[in-house]
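Heads up, coords-v4.cif below (mmCIF, C-alpha atoms):
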data_start
#
loop_
_atom_site.label_atom_id
_atom_site.label_comp_id
_atom_site.auth_asym_id
_atom_site.auth_seq_id
_atom_site.Cartn_x
_atom_site.Cartn_y
_atom_site.Cartn_z
CA MET R 16 13.17 -5.61 -36.23
CA THR R 17 14.23 -8.11 -33.57
CA ILE R 18 14.31 -7.72 -29.80
CA PHE R 19 18.09 -7.36 -30.09
CA ASP R 20 17.74 -4.47 -32.56
CA LEU R 21 15.26 -2.72 -30.29
CA LEU R 22 17.33 -3.10 -27.13
CA LYS R 23 20.47 -1.84 -28.85
CA SER R 24 18.84 1.18 -30.47
CA PRO R 25 20.66 4.34 -29.27
CA GLN R 26 17.43 6.37 -29.15
CA TYR R 27 16.40 4.55 -25.96
CA THR R 28 18.57 5.84 -23.13
CA GLN R 29 16.47 4.34 -20.32
CA LYS R 30 17.52 0.74 -20.98
CA PRO R 31 16.11 -0.88 -17.79
CA ILE R 32 12.72 0.72 -18.49
CA LEU R 33 12.83 -0.40 -22.11
CA GLU R 34 13.61 -3.97 -21.04
CA LYS R 35 10.62 -4.04 -18.68
CA LEU R 36 8.32 -2.69 -21.37
CA VAL R 37 9.51 -5.23 -23.92
CA CYS R 38 8.92 -8.03 -21.42
CA HIS R 39 5.45 -6.69 -20.62
CA VAL R 40 4.28 -6.18 -24.21
CA ILE R 41 5.78 -9.33 -25.73
CA GLY R 42 5.07 -11.51 -22.70
CA LEU R 43 8.52 -12.59 -21.59
CA THR R 44 10.29 -12.86 -18.27
CA LYS R 45 13.58 -11.00 -17.91
CA THR R 46 15.44 -14.31 -18.19
CA GLU R 47 13.54 -15.20 -21.34
CA LEU R 48 14.19 -11.74 -22.79
CA PHE R 49 17.91 -12.37 -23.19
CA SER R 50 17.43 -15.85 -24.59
CA HIS R 51 14.96 -14.64 -27.24
CA THR R 52 16.85 -11.65 -28.64
CA ASP R 53 16.42 -12.94 -32.18
CA GLN R 54 12.61 -12.93 -31.84
CA PRO R 55 10.90 -10.50 -34.24
CA VAL R 56 8.99 -7.51 -32.82
CA THR R 57 5.74 -6.88 -34.67
CA GLU R 58 4.70 -3.39 -35.76
CA GLN R 59 1.87 -3.47 -33.22
CA GLN R 60 4.21 -4.51 -30.41
CA PHE R 61 6.75 -1.87 -31.36
CA ALA R 62 4.09 0.87 -31.44
CA LYS R 63 2.88 -0.15 -27.99
CA ILE R 64 6.41 -0.22 -26.54
CA GLN R 65 7.18 3.16 -28.08
CA GLU R 66 3.99 4.71 -26.72
CA MET R 67 4.61 3.40 -23.19
CA TYR R 68 8.27 4.46 -23.27
CA GLU R 69 7.32 8.01 -24.26
CA ARG R 70 4.76 8.15 -21.47
CA TYR R 71 7.50 7.31 -18.99
CA VAL R 72 10.25 9.57 -20.38
CA ASN R 73 8.31 12.54 -21.74
CA ASN R 74 5.17 12.57 -19.59
CA LYS R 75 6.98 11.34 -16.46
CA GLU R 76 4.27 8.81 -15.69
CA PRO R 77 5.22 6.20 -13.07
CA LEU R 78 6.10 2.88 -14.66
CA GLU R 79 3.66 1.06 -12.38
CA TYR R 80 0.73 3.10 -13.73
CA ILE R 81 1.85 2.48 -17.30
CA LEU R 82 2.04 -1.28 -16.72
CA GLY R 83 -1.06 -1.31 -14.53
CA TYR R 84 0.46 -3.48 -11.85
CA VAL R 85 3.20 -3.71 -9.24
CA THR R 86 4.88 -6.68 -7.59
CA PHE R 87 4.57 -6.46 -3.82
CA ALA R 88 5.19 -9.16 -1.21
CA GLN R 89 5.75 -11.58 -4.12
CA LEU R 90 2.23 -10.92 -5.42
CA GLN R 91 1.16 -8.97 -8.50
CA PHE R 92 -1.28 -6.18 -7.60
CA SER R 93 -3.26 -3.99 -9.94
CA VAL R 94 -2.70 -0.25 -9.47
CA SER R 95 -3.98 2.86 -11.21
CA PRO R 96 -3.60 6.66 -10.89
CA ALA R 97 -6.41 6.42 -8.32
CA THR R 98 -4.14 4.46 -5.99
CA ILE R 99 -0.71 5.00 -4.52
CA ILE R 100 2.28 2.94 -5.61
CA PRO R 101 3.39 0.82 -2.64
CA ARG R 102 6.83 1.60 -1.24
CA PRO R 103 9.42 -0.87 0.09
CA GLU R 104 8.73 0.26 3.66
CA THR R 105 5.18 -1.07 3.35
CA GLU R 106 6.59 -4.58 3.00
CA TYR R 107 8.16 -4.06 6.42
CA MET R 108 4.66 -3.62 7.82
CA ILE R 109 3.58 -6.94 6.31
CA GLU R 110 6.62 -8.58 7.93
CA ALA R 111 5.72 -7.04 11.29
CA VAL R 112 2.12 -8.26 11.05
CA ARG R 113 3.21 -11.78 10.11
CA GLU R 114 5.64 -11.89 13.02
CA PHE R 115 2.80 -10.79 15.29
CA PHE R 116 0.50 -13.53 14.04
CA ALA R 117 3.22 -16.15 14.54
CA LEU R 118 2.78 -15.61 18.30
CA GLN R 119 -1.03 -15.62 18.30
CA THR R 120 -3.40 -18.50 19.00
CA THR R 121 -6.69 -16.58 18.65
CA PRO R 122 -7.97 -15.48 15.21
CA HIS R 123 -8.38 -11.73 14.70
CA ILE R 124 -10.61 -9.44 12.69
CA LEU R 125 -8.49 -7.47 10.24
CA LEU R 126 -9.14 -3.77 9.58
CA ASP R 127 -7.33 -1.96 6.75
CA VAL R 128 -7.89 1.79 6.94
CA TRP R 129 -7.43 3.77 3.73
CA THR R 130 -6.63 0.64 1.82
CA TRP R 131 -6.08 2.20 -1.64
CA SER R 132 -5.40 -0.85 -3.85
CA GLY R 133 -5.77 -3.28 -0.96
CA ILE R 134 -2.06 -4.05 -0.68
CA LEU R 135 -1.83 -4.45 3.10
CA TRP R 136 -5.09 -6.29 3.55
CA VAL R 137 -4.77 -8.70 0.60
CA ALA R 138 -1.16 -9.61 1.37
CA THR R 139 -2.01 -10.22 5.02
CA MET R 140 -4.99 -12.41 4.18
CA TYR R 141 -3.06 -14.26 1.49
CA TYR R 142 -0.28 -15.30 3.86
CA GLU R 143 -2.08 -15.37 7.21
CA ASN R 144 -5.55 -16.66 6.37
CA ASP R 145 -5.70 -19.05 9.35
CA HIS R 146 -5.30 -16.10 11.73
CA ILE R 147 -8.11 -13.96 10.28
CA LEU R 148 -11.82 -14.40 10.98
CA GLU R 149 -13.03 -11.54 8.81
CA ALA R 150 -11.53 -8.52 7.05
CA TYR R 151 -12.91 -5.01 6.62
CA LEU R 152 -11.18 -2.45 4.46
CA CYS R 153 -12.17 1.12 3.77
CA ASP R 154 -11.21 4.07 1.63
CA LEU R 155 -12.46 7.56 0.95
CA SER R 156 -11.88 7.08 -2.78
CA SER R 157 -14.49 5.02 -4.63
CA ASP R 158 -12.06 4.71 -7.57
CA ALA R 159 -9.45 3.18 -5.28
CA LEU R 160 -12.00 0.70 -3.94
CA ILE R 161 -12.63 -0.50 -7.51
CA ILE R 162 -8.94 -1.45 -7.76
CA ALA R 163 -9.04 -3.04 -4.30
CA GLN R 164 -12.04 -5.12 -5.37
CA LYS R 165 -10.13 -6.24 -8.47
CA ASN R 166 -7.16 -7.37 -6.36
CA LYS R 167 -9.51 -9.13 -3.98
CA GLU R 168 -11.05 -11.14 -6.82
CA THR R 169 -7.69 -11.85 -8.48
CA LEU R 170 -5.56 -12.83 -5.49
CA LEU R 171 -7.88 -14.23 -2.81
CA SER R 172 -9.73 -17.53 -2.75
CA PRO R 173 -13.55 -17.56 -2.89
CA GLU R 174 -13.58 -18.45 0.81
CA GLN R 175 -11.38 -15.47 1.67
CA GLN R 176 -13.45 -13.16 -0.50
CA ALA R 177 -16.61 -14.25 1.31
CA THR R 178 -15.22 -13.04 4.64
CA THR R 179 -14.13 -9.65 3.29
CA THR R 180 -16.14 -6.41 3.27
CA LEU R 181 -15.22 -3.19 1.43
CA LEU R 182 -16.52 0.04 2.93
CA HIS R 183 -16.64 3.53 1.41
CA CYS R 184 -15.99 5.93 4.28
CA SER R 185 -13.51 8.31 5.89
CA LEU R 186 -11.22 6.41 8.23
CA LEU R 187 -13.44 4.48 10.71
CA ASP R 188 -16.50 6.66 10.24
CA HIS R 189 -18.95 3.86 9.39
CA PRO R 190 -21.65 2.05 11.43
CA THR R 191 -19.96 -1.29 10.66
CA PHE R 192 -16.78 -0.24 12.45
CA LYS R 193 -18.73 1.06 15.42
CA LYS R 194 -20.40 -2.34 15.72
CA ILE R 195 -17.13 -4.26 15.38
CA PHE R 196 -15.56 -2.30 18.23
CA GLN R 197 -18.44 -3.32 20.49
CA GLU R 198 -17.78 -7.03 19.96
CA SER R 199 -15.30 -9.23 21.79
CA ASN R 200 -13.15 -10.48 18.90
CA PRO R 201 -9.56 -9.19 18.96
CA LEU R 202 -8.85 -6.66 16.24
CA ILE R 203 -5.74 -6.00 14.21
CA LEU R 204 -5.63 -2.72 12.32
CA VAL R 205 -3.17 -1.84 9.56
CA ALA R 206 -3.01 1.67 8.15
CA ASN R 207 -0.56 3.53 5.97
CA LEU R 208 -2.09 6.96 6.40
CA PRO R 209 -0.56 10.12 4.92
CA TYR R 210 1.97 11.55 7.36
CA ILE R 211 4.13 14.01 5.42
CA PRO R 212 3.70 17.61 6.68
CA ASP R 213 2.32 20.10 4.18
CA GLU R 214 5.47 22.21 3.88
CA MET R 215 7.80 19.22 3.62
CA PHE R 216 5.74 17.76 0.79
CA ALA R 217 5.59 21.09 -1.07
CA THR R 218 9.36 21.58 -0.99
CA ASN R 219 10.84 18.06 -1.13
CA ALA R 220 8.48 15.65 -2.91
CA ASP R 221 9.51 14.13 -6.25
CA GLU R 222 7.70 15.37 -9.35
CA ARG R 223 6.39 11.91 -10.18
CA ILE R 224 4.61 11.95 -6.81
CA THR R 225 3.34 15.53 -6.78
CA LYS R 226 1.97 15.40 -10.32
CA ARG R 227 0.94 11.77 -10.71
CA GLU R 228 0.04 10.05 -7.43
CA PRO R 229 -2.91 11.10 -5.22
CA THR R 230 -1.64 13.92 -3.00
CA MET R 231 -4.04 12.91 -0.23
CA ALA R 232 -2.12 9.65 0.11
CA PHE R 233 0.98 11.45 1.35
CA VAL R 234 0.29 14.78 3.05
CA TRP R 235 -2.19 15.89 5.68
CA GLY R 236 -1.68 18.72 8.16
CA ASP R 237 1.07 20.93 9.53
CA ASP R 238 2.82 18.03 11.29
CA GLY R 239 1.39 15.27 9.07
CA LEU R 240 -0.54 13.64 11.91
CA ASP R 241 -4.06 14.99 11.53
CA LEU R 242 -5.56 11.74 10.23
CA TYR R 243 -3.83 9.65 12.88
CA ARG R 244 -5.42 11.85 15.54
CA ILE R 245 -8.86 11.50 13.99
CA MET R 246 -8.50 7.71 13.79
CA PHE R 247 -7.21 7.44 17.36
CA ASP R 248 -10.12 9.55 18.59
CA GLN R 249 -12.56 7.32 16.71
CA ILE R 250 -11.05 4.21 18.31
CA ILE R 251 -11.28 5.75 21.78
CA THR R 252 -14.92 6.70 21.15
CA TYR R 253 -15.97 3.32 19.76
CA SER R 254 -14.07 1.12 22.21
CA THR R 255 -15.42 -0.59 25.29
CA PRO R 256 -13.40 -1.96 28.23
CA THR R 257 -13.28 -5.32 26.42
CA THR R 258 -12.09 -3.99 23.06
CA HIS R 259 -8.71 -5.50 22.23
CA ILE R 260 -7.01 -3.80 19.29
CA THR R 261 -3.44 -3.93 18.00
CA MET R 262 -2.42 -1.45 15.30
CA PHE R 263 0.49 -1.46 12.89
CA LEU R 264 1.25 2.03 11.60
CA GLU R 265 3.95 3.85 9.66
CA MET R 266 5.31 7.31 10.42
CA MET R 267 8.48 9.36 10.71
CA THR R 268 10.71 9.02 13.76
CA TRP R 269 10.12 12.53 15.14
CA GLN R 270 6.34 12.09 14.91
CA ILE R 271 6.30 9.16 17.33
CA ASP R 272 6.91 11.23 20.46
CA ILE R 273 4.16 13.67 19.49
CA LEU R 274 1.45 11.01 19.30
CA ALA R 275 2.84 9.01 22.21
CA LYS R 276 2.57 12.09 24.44
CA GLU R 277 -0.86 13.15 23.21
CA TYR R 278 -2.37 9.65 23.60
CA ALA R 279 -0.35 8.27 26.50
CA GLU R 280 -3.54 7.67 28.48
CA HIS R 281 -5.08 5.48 25.80
CA PHE R 282 -2.32 3.71 23.85
CA SER R 283 1.11 2.22 24.32
CA PHE R 284 3.47 1.59 21.43
CA SER R 285 6.67 -0.16 20.45
CA GLU R 286 8.89 0.17 17.40
CA VAL R 287 8.95 -3.11 15.50
CA LYS R 288 10.66 -2.23 12.21
CA THR R 289 13.05 0.46 11.01
CA PHE R 290 13.07 1.17 7.29
CA HIS R 291 15.76 3.84 7.56
CA ALA R 292 16.64 6.58 10.01
CA ASN R 293 13.46 8.54 9.35
CA ILE R 294 10.70 5.92 8.96
CA ARG R 295 9.43 3.47 11.58
CA ILE R 296 6.83 0.72 11.64
CA LEU R 297 5.09 0.83 15.01
CA LYS R 298 2.81 -1.45 16.98
CA TRP R 299 0.22 0.47 19.00
CA ILE R 300 -1.94 -1.25 21.60
CA LYS R 301 -5.02 0.14 23.31
CA ARG R 302 -4.54 0.44 27.06
CA PHE R 303 -7.11 -1.36 29.22
#

Could you rewrite the structure in this file as structure tokens?
Amino acid sequence: MTIFDLLKSPQYTQKPILEKLVCHVIGLTKTELFSHTDQPVTEQQFAKIQEMYERYVNNKEPLEYILGYVTFAQLQFSVSPATIIPRPETEYMIEAVREFFALQTTPHILLDVWTWSGILWVATMYYENDHILEAYLCDLSSDALIIAQKNKETLLSPEQQATTTLLHCSLLDHPTFKKIFQESNPLILVANLPYIPDEMFATNADERITKREPTMAFVWGDDGLDLYRIMFDQIITYSTPTTHITMFLEMMTWQIDILAKEYAEHFSFSEVKTFHANIRILKWIKRF
């Protein structure tokens, strides 16, 4: 069997998925795939492609989990069922952070809350290393932190790794964060916390999300904002008059007014990116 025979086989109806699996197993780029169609496919390669294809079609496993990686911000990140699969809107947050740093002259300490596979933190450090003194990332899932550690070691330089600390905790509930908020260095916090309301998730979420990805990455509370409130309260508690923190967060449009009203005394915000009508990337700043 050649690659051409495999790609043309009528039993495979999900052709784009098949092409990606062939590239992954045989070790070809998509461009190379169509210039090597006469290349033989070994029995071992065919068995692997078949097994992965059936996992996608029959078991409805996300392709990213099957491959074990995802391309995000032009970098290849490891992912697993213990981590979420990054969405396109998350790249908008990276763009917003980079635009913010373009206007800064003072290095910041980077905080990534509920980091999962380390997407936000690693991409930010990779592209904006000169603007970051240290980085601290945390997650409630120890399995997710294993994947974040892997991405740290794979994508960051030894110097960048040396200035990075992984913490196992719930949001900012760790002595290290309490100490950081007492210091004078400016902080930049990125967080893609779950914000889908319980009922909305139960009735509208795709099956590949509800059955395969960690539910706690998407839904939390009647209005989806419970974790944001906890994190905001932690920041208020830990902060001093000299604490300077800028946060980049993602949420739905109608949720903005709720938090803005509840925390008007402590934070101001501005919308910096619009993914579509329902999702916004926001910059929140602690009021002095």

Go through the shown structure with the PyMOL selection byres ((chain R and resi 142) around 12) and write out the matching residues as a list in words.
Ala88, Gln89, Leu90, Ile109, Glu110, Val112, Arg113, Glu114, Phe116, Ala117, Leu135, Trp136, Val137, Ala138, Thr139, Met140, Tyr141, Glu143, Asn144, Asp145, His146, Ile147, Leu170, Leu171, Ser172 and Gln175 of chain R

Of the listed residues R:Thr46, R:Thr17, R:Thr86, R:Gln197, that which approaches Thr252 (chain R) most closely, counting all atoms listed in the file:
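Of R:Thr46, R:Thr17, R:Thr86, R:Gln197, the one nearest Thr252 (chain R) is R:Gln197, counting all atoms listed in the file.
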
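Here, the PyMOL selection byres ((chain R and resi 281) around 6) matches Tyr278, Ala279, Glu280, Phe282, Lys301 and Arg302 of chain R.
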
As a check of understanding, name the residues that the PyMOL selection byres ((chain R and resi 157-159) around 8) selects in the supplied structure, as a PyMOL selection string.
chain R and resi 97-98+131-132+154-156+160-163+183

Atoms to include: C-alpha atoms. Write the selected residues as a compact mmCIF listing (two decimals), in the coordinates of the input.
# COMPACT_ATOMS: atom_id res chain seq x y z
CA ALA R 97 -6.41 6.42 -8.32
CA THR R 98 -4.14 4.46 -5.99
CA TRP R 131 -6.08 2.20 -1.64
CA SER R 132 -5.40 -0.85 -3.85
CA ASP R 154 -11.21 4.07 1.63
CA LEU R 155 -12.46 7.56 0.95
CA SER R 156 -11.88 7.08 -2.78
CA LEU R 160 -12.00 0.70 -3.94
CA ILE R 161 -12.63 -0.50 -7.51
CA ILE R 162 -8.94 -1.45 -7.76
CA ALA R 163 -9.04 -3.04 -4.30
CA HIS R 183 -16.64 3.53 1.41

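Nearest residue to Phe192 (chain R) among R:Glu58, R:Ser254, R:Glu277, R:Thr179 is R:Ser254, counting all atoms listed in the file.
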
Quick one: residues within 10 Å of Leu274 (chain R), all atoms listed in the file counted, chain neighbours fewer than 2 positions away excluded, as a ChimeraX atom specification?
/R:240,243-244,247,269-272,276-279,282,284

What's around Asp188 (chain R) at 12 Å? Count all atoms listed in the file, leave out sequence neighbours fewer than 3 positions away in its own chain, and write the answer as a PyMOL selection string.
chain R and resi 128-129+153-155+182-185+191-194+245-250+252-253

Straight-line distance linking CA of Pro256 (chain R) with CA of Ala206 (chain R), stated in Å to one decimal:
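Calculated distance between CA of Pro256 (chain R) and CA of Ala206 (chain R) is 22.9 Å.
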
Which is closer to Ile100 (chain R) than all the others in R:Asn207, R:Thr268, R:Thr121, R:Thr289, using all atoms listed in the file?
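Closest residue, counting all atoms listed in the file: R:Asn207.
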
Pairwise distance, CA of Leu242 (chain R) with CA of Leu208 (chain R), equals 7.0 Å

Using all atoms listed in the file, determine which residues lie at most 9 Å from region 37-40 of chain R, disregarding the query and same-chain residues fewer than 2 positions distant; provide the list as a PyMOL selection string.
chain R and resi 18+21-22+32-35+42-45+47-48+60-61+63-64+82

Of the residues R:Lys167, R:Pro122, R:Thr28, R:Pro77, which is the one nearest to Pro101 (chain R), using all atoms listed in the file?
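For Pro101 (chain R), the nearest of the given residues is R:Pro77.
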
Considering all atoms listed in the file, state which residue in the set R:Phe87, R:Ala275, R:His51, R:Gly236 is at the smallest distance from Tyr107 (chain R).
R:Phe87

Tell me, in Å to one decimal, how far CA of Leu78 (chain R) is from CA of Met266 (chain R).
25.5 Å
